[in-house]
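One file, target-v7.txt, carrying compact mmCIF, C-alpha atoms and all ligand atoms:
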# COMPACT_ATOMS: atom_id res chain seq x y z
CA MET G 12 80.38 72.23 127.62
CA LYS G 13 78.81 75.23 129.21
CA LEU G 14 76.18 76.94 127.10
CA GLY G 15 74.40 80.18 127.88
CA LEU G 16 72.32 82.90 126.32
CA GLU G 17 74.07 86.27 126.09
CA VAL G 18 71.84 89.19 127.05
CA LEU G 19 73.04 92.67 126.16
CA GLY G 20 72.18 95.56 128.45
CA TYR G 21 73.27 99.05 129.36
CA ASN G 22 74.68 100.33 132.65
CA GLU G 23 73.54 103.93 133.02
CA GLU G 24 76.03 104.67 135.83
CA THR G 25 79.09 103.67 133.84
CA GLU G 26 77.44 104.34 130.46
CA GLU G 27 78.76 101.04 129.18
CA GLN G 28 77.15 98.12 127.43
CA THR G 29 76.83 95.03 129.62
CA HIS G 30 76.97 91.36 128.68
CA THR G 31 75.22 88.82 130.89
CA LEU G 32 75.03 85.07 130.41
CA VAL G 33 71.72 83.55 131.45
CA ASP G 34 70.16 80.08 131.26
CA ILE G 35 73.58 78.48 131.60
CA THR G 36 73.44 74.77 130.90
CA GLU G 37 76.21 72.25 131.38
CA LEU G 38 76.33 69.28 129.04
CA ALA G 39 78.97 66.58 128.86
CA ALA G 40 80.18 65.07 125.59
CA PHE G 41 82.27 61.91 125.79
CA SER G 42 84.85 60.64 123.32
CA ASN G 43 86.58 57.27 123.29
CA ASP G 44 88.71 57.99 120.22
CA GLY G 45 90.66 61.07 121.18
CA GLY G 46 88.02 63.59 120.15
CA LYS G 47 87.10 62.26 116.69
CA THR G 48 83.56 61.26 117.65
CA PHE G 49 81.41 62.07 120.65
CA THR G 50 78.40 60.74 122.46
CA LEU G 51 76.02 62.71 124.65
CA ARG G 52 74.17 61.50 127.71
CA THR G 53 71.81 64.45 127.72
CA VAL G 54 70.41 66.47 124.85
CA ARG G 55 68.59 69.76 125.36
CA ASP G 56 66.58 72.01 123.07
CA ILE G 57 69.65 73.86 121.93
CA ASP G 58 68.13 75.54 118.85
CA GLY G 59 65.13 76.80 120.80
CA ASP G 60 62.44 75.43 118.51
CA GLY G 61 60.59 73.75 121.35
CA ASP G 62 61.52 70.14 120.72
CA ILE G 63 64.48 67.89 121.42
CA ASP G 64 65.44 66.00 118.30
CA GLU G 65 68.30 64.99 116.01
CA ALA G 66 68.88 68.63 115.00
CA ASP G 67 69.69 69.52 118.62
CA LYS G 68 71.95 66.49 118.92
CA GLU G 69 73.80 67.33 115.68
CA LYS G 70 74.45 70.89 116.86
CA LEU G 71 75.79 69.74 120.21
CA LEU G 72 78.04 67.14 118.59
CA ALA G 73 79.35 69.80 116.17
CA LEU G 74 80.11 72.08 119.13
CA ALA G 75 81.94 69.26 120.92
CA SER G 76 84.01 68.49 117.81
CA ALA G 77 84.86 72.17 117.28
CA TYR G 78 85.87 72.55 120.91
CA ALA G 79 88.07 69.45 120.73
CA ARG G 80 89.77 70.79 117.57
CA ILE G 81 90.44 74.13 119.29
CA LEU G 82 92.05 72.38 122.25
CA ASN G 83 93.94 69.88 120.07
CA PRO G 84 94.57 71.54 116.70
CA CA V 1 65.22 71.73 119.24

Same coordinates, now as structure tokens:
Amino acid sequence: MKLGLEVLGYNEETEEQTHTLVDITELAAFSNDGGKTFTLRTVRDIDGDGDIDEADKEKLLALASAYARILNP
């Protein structure tokens, strides 16, 4: 999974809104049962509250499950 923070800006030359992804992080989620459950080797502070805990892990696992369901509906 590739996660990033979207930063909105404005290009004065083209007068268009810009979208930039920053702080891109790659995390791998592994499944041994066809995408039903996942394990993570690395957990990051995904909710930005300054700590790395079960809440971060739950969010990442939910993202992995959602992504798997999109690919294999
Ligand atoms: Ca956190």

Check: CA of Leu71 (chain G) and CA of Gly45 (chain G) are how many Å apart?
Finding: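 Taking CA of Leu71 (chain G) as the start and CA of Gly45 (chain G) as the end point, the length is 17.2 Å.
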
Notebook entry, point to check: Nearest to ligand CA 1 (chain V) among G:Val33, G:Val18, G:Ala39, G:Ile63, with distances taken over all atoms listed in the file: which residue is it?
Noted result: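 Residue with the minimum atom-to-atom distance to ligand CA 1 (chain V): G:Ile63.
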
Notebook entry, point to check: Hey, which residues come within 10 Å of ligand CA 1 (chain V) if we count only C-alpha atoms and all ligand atoms? Could you give them as number ranges by chain?
Noted result: G: 54-68, 70

Notebook entry, point to check: Taking (78.7, 66.1, 121.1) in the file's coordinates as the center, which residues reach within 8 Å of it, counting all atoms listed in the file, put as a list in words?
Noted result: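 Protein and nucleic acid residues near the point are Ala39, Ala40, Phe41, Thr48, Phe49, Thr50, Leu51, Lys68, Glu69, Lys70, Leu71, Leu72, Ala73, Leu74, Ala75 and Ser76 of chain G.
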
Notebook entry, point to check: Quick one: distance from CA of His30 (chain G) to CA of Glu17 (chain G) in Å, one decimal?
Noted result: 6.4 Å

Next item on the list: Using CA of Asp34 (chain G) and CA of Leu14 (chain G) as the two end points, give the distance in Å to one decimal.
Entry: 8.0 Å

Next item on the list: Skip Leu19 (chain G) itself and residues of its chain fewer than 6 positions away, then list as number ranges by chain all residues within 8 Å of it, counting all atoms listed in the file.
Entry: G: 28-31
